[in-house]
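Q: Okay, handing you the structure first.
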Amino acid sequence: MSTSAGELDPAFEGAGKEPGLQIWRIENFHPVPIPKSSHGKFFSGDSYIVLKTTATKSGALRHDIHYWLGKDTSQDEAGSAAILTVELDEALGGGPVQYREVQGNESEIFLSYFKPRLIIQPGGAASGFKHTEVNAQEHVTRLYQCKGAHVEEVPVDKSSLNHGDIFILDTQSKIYQFNGSDSSIMERGKAMEVVQHIKDTYHEGSCDIVTIEDAEVADDAEASEFWRYFEGFGPISAKTSQGDISSDVGSNKQLFYVQHGKPVPVGTENLTRDLLETNKCYLLESGLEIYVWIGKGASLADKKSASVAAEELLRDPKRKKSHVIRVIEGHETGLFKTKFADWAQEEEAEDN
């Protein structure tokens with residue numbers, strides 16, 4: 001099934017025709033293209049669609065579609081991103097692999113697109129922030145916290161600092177890298193790559209770079225300059241621990257069929273493949289994985305409803321870090337098949 005020109009949002013026209021990365025931000029329920037100069041920079045209050053197009057050895061193009069949800073994005077924007085991802089998938093022939101990405105819990109393949117790291121800033125489209133506005137005119141002093149594969153903007157305040165992470169203070173004339181005493185050498189090296197990126201992007205490659213060690217105090221001139229932005233040197237906290245709110249999600253399997261965009265439980269604990277009807281869409285929850293199964297005979301409206309239904313499940317805080325995997329009838333993964341008793345036995349018999 002292909003999407004007609006009338007159903008395709010104009011912003012997607014020509015998408016995926018050449019190798020590379022394309023990104024759209026959801027604004028008023030529509031995808032708005034993001035310029036390449038802003039790729040890798042996301043607002044925590046927004047939702048995005050990211051298309052990676054790769055040329056294979058045979059010359060064919062492979063597509064991976066991701067929709068990224070900031071921690072402060074609205075439910076409406078998240079739902080729009082899920083539905084528009086289905087629309088883009090249809091326009092590309094229904095073959096792309098789809099991933100749902102949540103801020104702080106992105107897949108490795110998604111993170112690999114952005115070097116040196118993701119840069120996440122507060123606010124979003126509803127707040128009037130635009131990607132082209134960041135430091136574009138008068139320079140704004142910003143503090144970034146380096147956390148794993150992310151660089152997140154935090155308030156320029158002493159309470160933002162800690163001993164476990166690395167912080168980058170971007171001022172008009174200098175960029176300071178503050179190394180927490182408990183940070184590793186590898187983390188410091190990665191942070192230096194971010195500092196260089198900020199220098200090249202926002203300072204046209206011309207500004208001073210200063211490294212501040214955690215223990216340095218005001219008797220060092222450059223350290224004194226740094227601490228003035230925080231109302232003087234003083235004690236800071238240890239690294240804040242991050243709890244995993246998804247740890248309570250069990251390993252039990254639950255199958256849902258999709259009806260009017262809602263997940264409806266299938267009343268059986270014994271899952272068999274004949275439960276999956278070709279003209280419907282289903283959700284299968286197994287631990288932290290939620291599979292969206294698309295029947296060959298399902299309409300485009302049904303496919304969009306399946307994405308909405310998946311988002312309905314994910315509104316439960318216990319499922320916030322769940323990974324969503326989309327599979328199509330006839331192209332199911334081996335792991336998906338193992339969730340169904342008779343299917344798993346067939347797979348095992350074929351392997352023997």
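Just so we're on the same page: first chain in the structure tokens is A, next is B, and so on; residues restart at 1 for each chain, and ligands are numbered from 1 in the order they show up.
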Looking only at alpha helix (DSSP H) from DSSP on the backbone, list the matching residues of stretch 50-241 of chain A as an MDAnalysis selection string.

A: chainID A and resid 75:91 108:111 185:202 221:228

Q: Extract, using only C-alpha atoms, all DNA, RNA and protein residues at most 7 Å from A:Asn162, discarding same-chain residues fewer than 4 positions from it, and format them as an MDAnalysis selection string.

A: chainID A and resid 180 236:239

Q: Can you spit out the residues from that selection as a compact mmCIF listing (two decimals), in the first residue's frame, using C-alpha atoms?

A:
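Once written, again.txt looks like this:
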# COMPACT_ATOMS: atom_id res chain seq x y z
CA GLY A 180 34.05 17.22 38.14
CA ILE A 236 28.67 21.73 45.18
CA SER A 237 26.76 18.47 45.35
CA ALA A 238 27.77 14.96 44.48
CA LYS A 239 26.40 13.50 41.25

Q: Measure the distance from atom CA of A:Phe167 to atom CA of A:Gly104 in Å and round it to one decimal.

A: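 Distance reported for this atom pair: 17.3 Å.
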
Q: If you take only C-alpha atoms and a cut-off of 12 Å, which residues of stretch 184-266 of chain A touch stretch 149-153 of chain A, and what are their nearest atom pairs and distances in Å to one decimal, in chain and number order, as JSON lines?

A:
{"residue": "A:Glu187", "atom": "CA", "partner": "A:Ala149", "partner_atom": "CA", "distance": 9.8}
{"residue": "A:Lys190", "atom": "CA", "partner": "A:Ala149", "partner_atom": "CA", "distance": 9.2}
{"residue": "A:Ala191", "atom": "CA", "partner": "A:Val151", "partner_atom": "CA", "distance": 8.8}
{"residue": "A:Met192", "atom": "CA", "partner": "A:Val151", "partner_atom": "CA", "distance": 11.9}
{"residue": "A:Glu193", "atom": "CA", "partner": "A:Val151", "partner_atom": "CA", "distance": 11.4}
{"residue": "A:Val194", "atom": "CA", "partner": "A:Val151", "partner_atom": "CA", "distance": 8.3}
{"residue": "A:Val195", "atom": "CA", "partner": "A:Val151", "partner_atom": "CA", "distance": 10.6}
{"residue": "A:His197", "atom": "CA", "partner": "A:Val151", "partner_atom": "CA", "distance": 11.7}
{"residue": "A:Ile198", "atom": "CA", "partner": "A:Val151", "partner_atom": "CA", "distance": 11.2}

Q: Just the residues within 9 Å of A:Phe29, please, counting only C-alpha atoms, with nothing from its chain fewer than 2 positions along; format it as a ChimeraX atom specification.

A: /A:26-27,31,76-77,79-81,84

Q: Any idea what the distance is between atom CA of A:Gly261 and atom CA of A:Ala309?

A: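 Calculated distance between atom CA of A:Gly261 and atom CA of A:Ala309 is 4.9 Å.
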
Q: Tell me which of A:Leu88, A:Gln75, A:Gln145, A:Phe12 sits closest to A:Glu312, counting only C-alpha atoms.

A: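 Checking each of A:Leu88, A:Gln75, A:Gln145, A:Phe12 against A:Glu312, counting only C-alpha atoms, the winner is A:Gln75.
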
Q: With DSSP run on the backbone, what are the strand (DSSP E) residues within stretch 114-286 of chain A? I'd like them as a PyMOL selection string.

A: chain A and resi 118-121+142-147+150-154+166-170+174-179+208-213+253-259+262-265+281-286

Q: At a cut-off of 8 Å, using only C-alpha atoms, what residues contact A:Glu289? Leave out same-chain residues fewer than 4 positions from it and give the result as a ChimeraX atom specification.

A: /A:285,322-325

Q: Using only C-alpha atoms, find the one residue out of A:Ile290, A:Val264, A:Ile65, A:Leu8 that sits nearest to A:Phe336.

A: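 So, comparing all the options, the nearest one is A:Ile290.
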
Q: Skipping near chain neighbours, those fewer than 6 positions away, what residues fall within 8 Å of stretch 49-53 of chain A using only C-alpha atoms, listed as a list in words?

A: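 The residues satisfying every condition are Gly16, Lys17, Glu18, Pro19, Gly20, Leu21, Gln22, Ile23, Trp24, Arg25, Ile26, Pro31, Leu61, Arg62, His63, Asp64, Ile65, His66, Tyr67, Trp68, Ala81 and Thr85 of chain A.
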
Q: Given the choices A:Ser38, A:Ser307, A:Asn105, A:Thr338, which gets closest to A:Leu69 if the distance is worked out from only C-alpha atoms?

A: A:Asn105

Q: Atom CA of A:Ala91 and atom CA of A:Ala15, how far apart in Å?

A: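 Atom CA of A:Ala91 lies at a distance of 8.6 Å from atom CA of A:Ala15.
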
Q: Using only C-alpha atoms, which of the listed residues (A:Ile328, A:Leu169, A:Ala221, A:Leu313) sits closest to A:Pro265?

A: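 Residue with the minimum atom-to-atom distance to A:Pro265: A:Leu313.
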
Q: For stretch 201-207 of chain A, please output as an NGL selection string all residues within 7 Å (counting only C-alpha atoms; exclusion window: fewer than 2 positions along the same chain).

A: :A and (135 or 173-174 or 197-199 or 209)

Q: Tell me which of A:Met186, A:Ala341, A:Leu300, A:Val308 sits closest to A:Asp89, counting only C-alpha atoms.

A: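 Result for the nearest residue to A:Asp89: A:Leu300.
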